[in-house]
>>> print(open('data03.tsv').read())   # TSV, C-alpha atoms and all ligand atoms
chain	number	residue	atom	x	y	z
A	1471	MET	CA	47.58	40.31	29.06
A	1472	MET	CA	50.46	41.40	26.89
A	1473	PRO	CA	54.01	40.39	27.87
A	1474	LYS	CA	56.15	42.83	29.86
A	1475	MET	CA	58.27	44.93	27.54
A	1476	THR	CA	61.75	43.45	27.34
A	1477	ARG	CA	63.23	46.78	26.23
A	1478	ASN	CA	62.25	50.40	26.66
A	1479	PRO	CA	59.90	51.30	23.74
A	1480	LEU	CA	59.98	55.05	24.34
A	1481	ILE	CA	61.61	57.22	21.67
A	1482	VAL	CA	61.88	60.90	22.60
A	1483	ALA	CA	61.70	63.32	19.66
A	1484	LEU	CA	64.37	65.98	20.18
A	1485	ASP	CA	62.44	68.59	18.17
A	1486	VAL	CA	64.58	71.50	19.35
A	1487	PRO	CA	66.64	73.94	17.28
A	1488	THR	CA	70.06	73.72	18.91
A	1489	ALA	CA	72.60	71.09	19.94
A	1490	ASP	CA	72.78	72.54	23.46
A	1491	LYS	CA	69.07	72.06	24.03
A	1492	ALA	CA	69.13	68.57	22.51
A	1493	LEU	CA	72.14	67.44	24.57
A	1494	GLY	CA	70.62	68.84	27.78
A	1495	LEU	CA	67.44	66.87	27.19
A	1496	ALA	CA	69.35	63.74	26.14
A	1497	GLN	CA	71.44	63.84	29.29
A	1498	ALA	CA	68.44	64.33	31.57
A	1499	LEU	CA	66.33	61.66	29.88
A	1500	ALA	CA	68.91	58.97	29.05
A	1501	PRO	CA	67.96	56.56	31.88
A	1502	PHE	CA	64.29	56.62	30.92
A	1503	VAL	CA	64.20	56.25	27.14
A	1504	GLY	CA	64.98	53.62	24.53
A	1505	ALA	CA	66.18	56.05	21.84
A	1506	PHE	CA	66.29	59.70	20.79
A	1507	LYS	CA	64.79	60.91	17.53
A	1508	VAL	CA	66.86	63.46	15.62
A	1509	GLY	CA	64.73	65.07	12.93
A	1510	SER	CA	65.38	67.47	10.11
A	1511	GLU	CA	65.19	70.65	12.25
A	1512	LEU	CA	67.90	69.59	14.68
A	1513	PHE	CA	70.02	67.83	12.05
A	1514	THR	CA	69.92	70.81	9.70
A	1515	SER	CA	70.99	73.20	12.44
A	1516	ALA	CA	73.39	71.04	14.46
A	1517	GLY	CA	74.62	68.46	11.92
A	1518	PRO	CA	76.00	64.95	12.49
A	1519	GLU	CA	78.03	66.10	15.50
A	1520	VAL	CA	74.94	66.12	17.71
A	1521	VAL	CA	74.32	62.48	16.74
A	1522	ARG	CA	77.94	61.59	17.57
A	1523	GLN	CA	77.67	63.27	20.97
A	1524	ILE	CA	74.47	61.45	21.92
A	1525	ARG	CA	76.00	58.14	20.74
A	1526	ALA	CA	79.17	58.84	22.73
A	1527	ALA	CA	77.00	59.25	25.83
A	1528	GLY	CA	75.41	55.85	25.16
A	1529	GLY	CA	72.08	56.96	23.62
A	1530	SER	CA	70.50	55.16	20.66
A	1531	ILE	CA	69.51	57.32	17.67
A	1532	PHE	CA	66.50	57.31	15.38
A	1533	LEU	CA	67.55	59.56	12.47
A	1534	ASP	CA	64.27	60.82	11.01
A	1535	LEU	CA	65.31	62.52	7.76
A	1536	LYS	CA	62.73	60.69	5.58
A	1537	PHE	CA	64.99	60.11	2.58
A	1538	HIS	CA	63.15	60.26	-0.79
A	1539	ASP	CA	65.32	60.46	-3.93
A	1540	ILE	CA	66.66	58.29	-6.74
A	1541	PRO	CA	67.89	54.88	-5.51
A	1542	ASN	CA	71.58	55.72	-5.91
A	1543	THR	CA	71.29	58.88	-3.82
A	1544	VAL	CA	69.27	57.18	-1.08
A	1545	LYS	CA	71.81	54.34	-1.05
A	1546	GLY	CA	74.54	56.89	-0.28
A	1547	SER	CA	72.44	58.65	2.38
A	1548	VAL	CA	71.61	55.39	4.18
A	1549	ALA	CA	75.25	54.27	4.00
A	1550	ALA	CA	76.31	57.61	5.56
A	1551	ALA	CA	73.70	57.27	8.32
A	1552	THR	CA	74.88	53.72	9.02
A	1553	ARG	CA	78.49	54.90	9.28
A	1554	LEU	CA	77.25	57.58	11.70
A	1555	ASP	CA	76.03	54.64	13.82
A	1556	VAL	CA	72.31	55.40	14.01
A	1557	GLN	CA	70.02	52.57	15.11
A	1558	MET	CA	66.89	53.55	13.13
A	1559	LEU	CA	66.26	55.79	10.11
A	1560	THR	CA	63.37	56.68	7.80
A	1561	VAL	CA	62.70	56.62	4.05
A	1562	HIS	CA	59.51	57.57	2.18
A	1563	CYS	CA	57.74	54.51	0.74
A	1564	GLY	CA	56.60	56.79	-2.12
A	1565	GLY	CA	60.18	56.63	-3.46
A	1566	GLY	CA	59.24	53.25	-4.95
A	1567	LEU	CA	60.36	49.62	-4.77
A	1568	GLU	CA	63.87	50.11	-6.17
A	1569	MET	CA	64.60	53.01	-3.82
A	1570	LEU	CA	63.40	51.00	-0.81
A	1571	LYS	CA	65.49	47.98	-1.82
A	1572	ALA	CA	68.54	50.23	-2.25
A	1573	ALA	CA	68.00	51.68	1.24
A	1574	GLU	CA	67.79	48.26	2.93
A	1575	ALA	CA	70.76	46.92	0.97
A	1576	ALA	CA	72.89	49.96	1.88
A	1577	ALA	CA	72.04	49.54	5.57
A	1578	GLN	CA	72.92	45.82	5.50
A	1579	GLN	CA	76.12	46.16	3.46
A	1580	THR	CA	77.53	49.16	5.31
A	1581	ALA	CA	76.77	47.61	8.71
A	1582	ALA	CA	78.45	44.35	7.63
A	1583	GLU	CA	81.54	46.32	6.57
A	1584	MET	CA	81.59	48.01	9.97
A	1585	VAL	CA	80.83	44.77	11.83
A	1586	ARG	CA	77.82	46.16	13.64
A	1587	PRO	CA	74.07	45.46	13.50
A	1588	ALA	CA	72.23	47.08	10.57
A	1589	PRO	CA	70.02	50.04	11.49
A	1590	LEU	CA	66.28	49.46	11.25
A	1591	VAL	CA	65.17	51.13	7.99
A	1592	LEU	CA	61.61	52.37	8.54
A	1593	GLY	CA	59.21	53.13	5.70
A	1594	VAL	CA	56.96	56.19	6.05
A	1595	THR	CA	53.62	55.48	4.35
A	1596	VAL	CA	51.13	58.39	4.14
A	1597	LEU	CA	52.03	61.47	6.16
A	1598	THR	CA	49.40	62.02	8.83
A	1599	SER	CA	49.13	65.64	7.71
A	1600	LEU	CA	47.56	64.47	4.41
A	1601	ASP	CA	43.85	63.76	4.05
A	1602	GLU	CA	41.94	62.24	1.12
A	1603	ASP	CA	41.45	65.66	-0.53
A	1604	ALA	CA	45.19	66.30	-0.39
A	1605	LEU	CA	45.88	62.82	-1.85
A	1606	ALA	CA	43.36	63.46	-4.65
A	1607	ARG	CA	45.30	66.63	-5.57
A	1608	LEU	CA	48.33	64.33	-5.93
A	1609	GLY	CA	46.38	62.05	-8.27
A	1610	VAL	CA	45.78	59.34	-5.63
A	1611	THR	CA	42.11	58.43	-5.84
A	1612	GLU	CA	42.01	55.30	-3.64
A	1613	SER	CA	41.12	55.70	0.05
A	1614	LEU	CA	43.78	56.87	2.46
A	1615	SER	CA	43.82	53.56	4.33
A	1616	ARG	CA	44.07	51.54	1.09
A	1617	HIS	CA	46.94	53.77	-0.03
A	1618	ALA	CA	48.72	53.34	3.32
A	1619	GLU	CA	48.29	49.53	3.01
A	1620	ARG	CA	49.66	49.59	-0.54
A	1621	LEU	CA	52.77	51.51	0.57
A	1622	ALA	CA	53.23	49.24	3.60
A	1623	ASP	CA	53.09	46.16	1.35
A	1624	LEU	CA	55.63	47.77	-0.99
A	1625	ALA	CA	58.02	48.38	1.92
A	1626	VAL	CA	57.74	44.79	3.13
A	1627	ASP	CA	58.21	43.48	-0.45
A	1628	ALA	CA	61.40	45.56	-0.62
A	1629	GLY	CA	62.71	43.85	2.53
A	1630	LEU	CA	62.17	46.67	5.03
A	1631	ARG	CA	61.82	45.47	8.61
A	1632	GLY	CA	59.82	48.39	9.99
A	1633	LEU	CA	57.27	51.11	9.30
A	1634	VAL	CA	56.16	54.38	10.85
A	1635	CYS	CA	52.38	54.53	11.22
A	1636	SER	CA	49.71	56.52	13.01
A	1637	PRO	CA	48.18	54.96	16.15
A	1638	LEU	CA	44.91	54.39	14.34
A	1639	GLU	CA	46.60	52.35	11.58
A	1640	LEU	CA	48.21	49.98	14.12
A	1641	PRO	CA	45.47	47.31	14.28
A	1642	LEU	CA	45.14	47.16	10.48
A	1643	LEU	CA	48.89	46.94	9.81
A	1644	ARG	CA	49.53	44.54	12.69
A	1645	ARG	CA	46.96	42.14	11.23
A	1646	ARG	CA	48.20	42.57	7.68
A	1647	LEU	CA	51.99	42.50	7.99
A	1648	PRO	CA	54.38	39.74	9.08
A	1649	GLN	CA	54.98	39.75	12.85
A	1650	HIS	CA	58.68	40.57	12.51
A	1651	VAL	CA	57.85	44.00	10.99
A	1652	GLN	CA	58.38	46.61	13.70
A	1653	LEU	CA	55.82	49.41	13.97
A	1654	VAL	CA	56.87	52.84	15.22
A	1655	THR	CA	54.07	55.19	16.21
A	1656	PRO	CA	53.97	58.94	16.85
A	1657	GLY	CA	50.79	60.77	17.91
A	1658	ILE	CA	50.92	59.58	21.52
A	1659	ARG	CA	48.92	61.64	23.99
A	1660	ALA	CA	47.60	61.03	27.52
A	1661	ALA	CA	44.00	62.03	28.21
A	1662	HIS	CA	45.19	65.13	30.09
A	1663	ASP	CA	47.52	66.35	27.29
A	1664	VAL	CA	46.58	69.33	25.20
A	1665	ASN	CA	46.21	67.73	21.76
A	1666	ALA	CA	47.89	70.59	19.88
A	1667	ASP	CA	48.12	69.61	16.21
A	1668	GLN	CA	48.02	65.80	16.65
A	1669	LYS	CA	44.53	64.68	15.69
A	1670	ARG	CA	44.66	60.88	15.55
A	1671	THR	CA	46.08	59.93	18.94
A	1672	LEU	CA	46.19	57.05	21.43
A	1673	SER	CA	47.73	56.85	24.90
A	1674	ALA	CA	51.08	55.05	25.24
A	1675	ALA	CA	49.52	51.96	26.82
A	1676	GLU	CA	46.77	51.82	24.18
A	1677	ALA	CA	49.31	52.04	21.37
A	1678	ILE	CA	51.42	49.20	22.83
A	1679	ALA	CA	48.28	47.08	23.27
A	1680	ALA	CA	47.37	47.80	19.63
A	1681	GLY	CA	50.71	46.40	18.46
A	1682	ALA	CA	53.24	49.26	18.47
A	1683	ASP	CA	56.85	48.23	19.05
A	1684	TRP	CA	58.09	51.79	19.57
A	1685	LEU	CA	56.39	55.05	20.59
A	1686	VAL	CA	57.64	58.46	19.45
A	1687	VAL	CA	56.84	61.20	21.96
A	1688	GLY	CA	57.93	64.80	21.57
A	1689	ARG	CA	56.17	67.72	23.22
A	1690	PRO	CA	54.47	65.76	26.05
A	1691	ILE	CA	58.02	65.13	27.35
A	1692	CYS	CA	60.23	67.90	25.95
A	1693	ALA	CA	57.86	70.86	26.27
A	1694	VAL	CA	56.84	70.38	29.91
A	1695	ALA	CA	58.42	71.69	33.11
A	1696	ASP	CA	59.80	68.30	34.21
A	1697	PRO	CA	60.72	66.08	31.22
A	1698	ARG	CA	62.14	63.28	33.44
A	1699	ALA	CA	58.92	63.00	35.42
A	1700	ALA	CA	56.89	63.01	32.19
A	1701	ALA	CA	58.99	60.19	30.69
A	1702	GLN	CA	58.79	58.16	33.91
A	1703	GLN	CA	55.02	58.62	34.02
A	1704	ILE	CA	54.63	57.33	30.45
A	1705	LEU	CA	56.80	54.27	31.20
A	1706	ALA	CA	54.83	53.58	34.38
A	1707	SER	CA	51.56	53.75	32.43
A	1708	ILE	CA	52.88	51.14	29.95
A	1709	ASN	CA	54.09	48.82	32.71
A	1710	ALA	CA	50.85	49.16	34.67
A	1711	ALA	CA	48.90	48.01	31.61
A	1712	SER	CA	51.18	45.05	30.82
B	1801	LIG	O1	55.47	66.46	19.82
B	1801	LIG	P1	54.90	65.19	19.27
B	1801	LIG	O2	54.75	64.11	20.30
B	1801	LIG	O3	53.64	65.42	18.45
B	1801	LIG	O4	56.04	64.68	18.27
B	1801	LIG	C1	55.85	63.60	17.41
B	1801	LIG	C2	57.04	63.42	16.55
B	1801	LIG	O5	56.76	62.42	15.57
B	1801	LIG	C3	57.46	64.67	15.77
B	1801	LIG	O6	58.88	64.64	15.66
B	1801	LIG	C4	56.80	64.50	14.43
B	1801	LIG	O7	57.53	65.10	13.38
B	1801	LIG	C5	56.85	62.97	14.26
B	1801	LIG	N1	55.83	62.44	13.37
B	1801	LIG	C6	54.48	62.63	13.54
B	1801	LIG	N2	53.60	62.10	12.66
B	1801	LIG	C7	54.04	61.39	11.62
B	1801	LIG	C8	55.40	61.18	11.44
B	1801	LIG	C9	56.28	61.72	12.34
B	1801	LIG	O8	54.08	63.26	14.49
B	1801	LIG	N3	53.17	60.85	10.79
>>> encode(input="data03.tsv", output="structure tokens", more="lines below")
Ligand code: C5P
Amino acid sequence: MMPKMTRNPLIVALDVPTADKALGLAQALAPFVGAFKVGSELFTSAGPEVVRQIRAAGGSIFLDLKFHDIPNTVKGSVAAATRLDVQMLTVHCGGGLEMLKAAEAAAQQTAAEMVRPAPLVLGVTVLTSLDEDALARLGVTESLSRHAERLADLAVDAGLRGLVCSPLELPLLRRRLPQHVQLVTPGIRAAHDVNADQKRTLSAAEAIAAGADWLVVGRPICAVADPRAAAQQILASINAAS
């Protein structure tokens, strides 16, 4: 038996094009979710104001902009995100050790200046849209799972406290990484969901049992007739299994 969740692990991906749509969903879902994910589509169209509005209403924010640049630029981006008061953000592990260290340091230093907890900087290992053929075209000849492990190790060596990983990588990474490293997992589908483009999926309860700390769910909540009922159903499925 796994322990009852002490906090809500559900992150809803607000993959919508406008602030109005995002704020409507955030308002309806606030009591049932742990955080809202703002990705590059929404951020590019609606800007930091949509983050401020969700924060003002009490929602936690996972800013998923997957920063990948020279260390100095990523340092500035992470500092800006920390000033914006996001609780989680992403960087690409492929940016290298120095970039990852700069990201974590910027989160810690800026948060200390603002006297608030540092956001959780999450490393993105291998995008789930890439397969071994695609990696080979990039000059990566080791297996996909070995490459994901290598990038995960790099992130932990740099001091990152969390990673984004696919549901099927959870058991491997949970065994390999220190327990304090938080794992955030998209690709969550119930048996009755249409799979759409997510290929490597687990149910919410399965992913928690496999070691996920946070679950990112988009379309199974936001693209259905009753998002509140969908979120409640996912939470109930996690609690029933715990
Ligand atoms: O709609 P769905 O539940 O598939 O949304 C999953 C969210 O997680 C999307 O915002 C997607 O961009 C993100 N994501 C993913 N796979 C990754 C990394 C992020 O699906 N490897």
>>> residues_near_ligand(input="data03.tsv", ligand="ligand LIG 1801 (chain B)", cutoff="10 Å", atoms="all atoms listed in the file", output="VMD selection string")
chain A and resid 1481 to 1486 1507 to 1511 1534 to 1536 1560 1594 to 1600 1634 to 1637 1654 to 1659 1665 to 1671 1685 to 1693
>>> closest_residue(input="data03.tsv", among="A:Pro1479, A:Gly1609, A:Gly1546, A:Pro1697", to="Ala1498 of chain A", atoms="all atoms listed in the file")
A:Pro1697
>>> closest_residue(input="data03.tsv", among="A:Leu1614, A:Val1561, A:Leu1495, A:Ala1674", to="Gly1529 of chain A", atoms="all atoms listed in the file")
A:Leu1495
>>> closest_residue(input="data03.tsv", among="A:Met1558, A:Ala1710, A:Asn1542, A:Gly1517", to="Gly1504 of chain A", atoms="only C-alpha atoms")
A:Met1558
>>> closest_residue(input="data03.tsv", among="A:Leu1559, A:Ala1618, A:Ala1606, A:Ala1677", to="Gly1632 of chain A", atoms="only C-alpha atoms")
A:Leu1559
>>> atom_distance(input="data03.tsv", atom1="atom CA of Ala1551 of chain A", atom2="atom CA of Arg1644 of chain A")
27.7 Å
>>> decode(input="data03.tsv", residues="segment 1497-1508 of chain A", atoms="all heavy atoms", output="JSON list (two decimals), in the first residue's frame")
[["chain", "number", "residue", "atom", "x", "y", "z"],
["A", 1497, "GLN", "N", -10.31, 28.80, -13.16],
["A", 1497, "GLN", "CA", -11.33, 29.11, -12.15],
["A", 1497, "GLN", "C", -12.18, 27.87, -11.83],
["A", 1497, "GLN", "O", -12.42, 27.55, -10.68],
["A", 1497, "GLN", "CB", -12.21, 30.22, -12.68],
["A", 1497, "GLN", "CG", -12.99, 30.93, -11.60],
["A", 1497, "GLN", "CD", -13.78, 32.09, -12.17],
["A", 1497, "GLN", "OE1", -14.00, 32.19, -13.39],
["A", 1497, "GLN", "NE2", -14.20, 32.98, -11.31],
["A", 1498, "ALA", "N", -12.60, 27.16, -12.89],
["A", 1498, "ALA", "CA", -13.46, 26.00, -12.68],
["A", 1498, "ALA", "C", -12.73, 24.87, -11.97],
["A", 1498, "ALA", "O", -13.31, 24.13, -11.17],
["A", 1498, "ALA", "CB", -13.98, 25.51, -14.04],
["A", 1499, "LEU", "N", -11.43, 24.75, -12.23],
["A", 1499, "LEU", "CA", -10.70, 23.57, -11.76],
["A", 1499, "LEU", "C", -9.93, 23.80, -10.46],
["A", 1499, "LEU", "O", -9.45, 22.83, -9.85],
["A", 1499, "LEU", "CB", -9.73, 23.10, -12.85],
["A", 1499, "LEU", "CG", -10.39, 22.54, -14.12],
["A", 1499, "LEU", "CD1", -9.36, 22.36, -15.22],
["A", 1499, "LEU", "CD2", -11.09, 21.22, -13.81],
["A", 1500, "ALA", "N", -9.80, 25.05, -10.04],
["A", 1500, "ALA", "CA", -8.92, 25.38, -8.91],
["A", 1500, "ALA", "C", -9.07, 24.46, -7.70],
["A", 1500, "ALA", "O", -8.06, 24.02, -7.12],
["A", 1500, "ALA", "CB", -9.10, 26.84, -8.50],
["A", 1501, "PRO", "N", -10.30, 24.12, -7.27],
["A", 1501, "PRO", "CA", -10.39, 23.29, -6.05],
["A", 1501, "PRO", "C", -9.88, 21.87, -6.23],
["A", 1501, "PRO", "O", -9.70, 21.16, -5.25],
["A", 1501, "PRO", "CB", -11.91, 23.26, -5.76],
["A", 1501, "PRO", "CG", -12.52, 24.29, -6.62],
["A", 1501, "PRO", "CD", -11.62, 24.50, -7.79],
["A", 1502, "PHE", "N", -9.68, 21.45, -7.47],
["A", 1502, "PHE", "CA", -9.39, 20.02, -7.70],
["A", 1502, "PHE", "C", -7.98, 19.75, -8.20],
["A", 1502, "PHE", "O", -7.64, 18.61, -8.50],
["A", 1502, "PHE", "CB", -10.39, 19.45, -8.73],
["A", 1502, "PHE", "CG", -11.81, 19.78, -8.39],
["A", 1502, "PHE", "CD1", -12.53, 20.68, -9.14],
["A", 1502, "PHE", "CD2", -12.40, 19.19, -7.28],
["A", 1502, "PHE", "CE1", -13.83, 21.00, -8.80],
["A", 1502, "PHE", "CE2", -13.70, 19.51, -6.93],
["A", 1502, "PHE", "CZ", -14.42, 20.42, -7.69],
["A", 1503, "VAL", "N", -7.14, 20.77, -8.33],
["A", 1503, "VAL", "CA", -5.81, 20.52, -8.90],
["A", 1503, "VAL", "C", -4.71, 21.10, -8.01],
["A", 1503, "VAL", "O", -4.93, 22.05, -7.26],
["A", 1503, "VAL", "CB", -5.68, 21.09, -10.34],
["A", 1503, "VAL", "CG1", -6.80, 20.65, -11.22],
["A", 1503, "VAL", "CG2", -5.55, 22.58, -10.34],
["A", 1504, "GLY", "N", -3.51, 20.51, -8.16],
["A", 1504, "GLY", "CA", -2.37, 20.98, -7.39],
["A", 1504, "GLY", "C", -1.66, 22.15, -8.06],
["A", 1504, "GLY", "O", -1.06, 22.98, -7.38],
["A", 1505, "ALA", "N", -1.70, 22.19, -9.40],
["A", 1505, "ALA", "CA", -1.03, 23.28, -10.13],
["A", 1505, "ALA", "C", -1.55, 23.31, -11.57],
["A", 1505, "ALA", "O", -2.15, 22.35, -12.06],
["A", 1505, "ALA", "CB", 0.49, 23.07, -10.14],
["A", 1506, "PHE", "N", -1.30, 24.45, -12.22],
["A", 1506, "PHE", "CA", -1.65, 24.61, -13.63],
["A", 1506, "PHE", "C", -0.37, 24.74, -14.45],
["A", 1506, "PHE", "O", 0.53, 25.51, -14.08],
["A", 1506, "PHE", "CB", -2.52, 25.86, -13.83],
["A", 1506, "PHE", "CG", -3.86, 25.73, -13.19],
["A", 1506, "PHE", "CD1", -4.13, 26.35, -11.97],
["A", 1506, "PHE", "CD2", -4.86, 24.97, -13.78],
["A", 1506, "PHE", "CE1", -5.37, 26.21, -11.36],
["A", 1506, "PHE", "CE2", -6.10, 24.83, -13.18],
["A", 1506, "PHE", "CZ", -6.36, 25.45, -11.97],
["A", 1507, "LYS", "N", -0.33, 24.01, -15.57],
["A", 1507, "LYS", "CA", 0.84, 24.12, -16.45],
["A", 1507, "LYS", "C", 0.56, 25.14, -17.54],
["A", 1507, "LYS", "O", -0.41, 25.01, -18.30],
["A", 1507, "LYS", "CB", 1.17, 22.76, -17.07],
["A", 1507, "LYS", "CG", 2.44, 22.80, -17.94],
["A", 1507, "LYS", "CD", 2.93, 21.41, -18.28],
["A", 1507, "LYS", "CE", 2.40, 20.88, -19.57],
["A", 1507, "LYS", "NZ", 3.02, 21.48, -20.76],
["A", 1508, "VAL", "N", 1.43, 26.15, -17.61],
["A", 1508, "VAL", "CA", 1.38, 27.14, -18.69],
["A", 1508, "VAL", "C", 2.53, 26.82, -19.63],
["A", 1508, "VAL", "O", 3.70, 26.87, -19.24],
["A", 1508, "VAL", "CB", 1.49, 28.57, -18.12],
["A", 1508, "VAL", "CG1", 1.59, 29.59, -19.25],
["A", 1508, "VAL", "CG2", 0.29, 28.89, -17.22]]
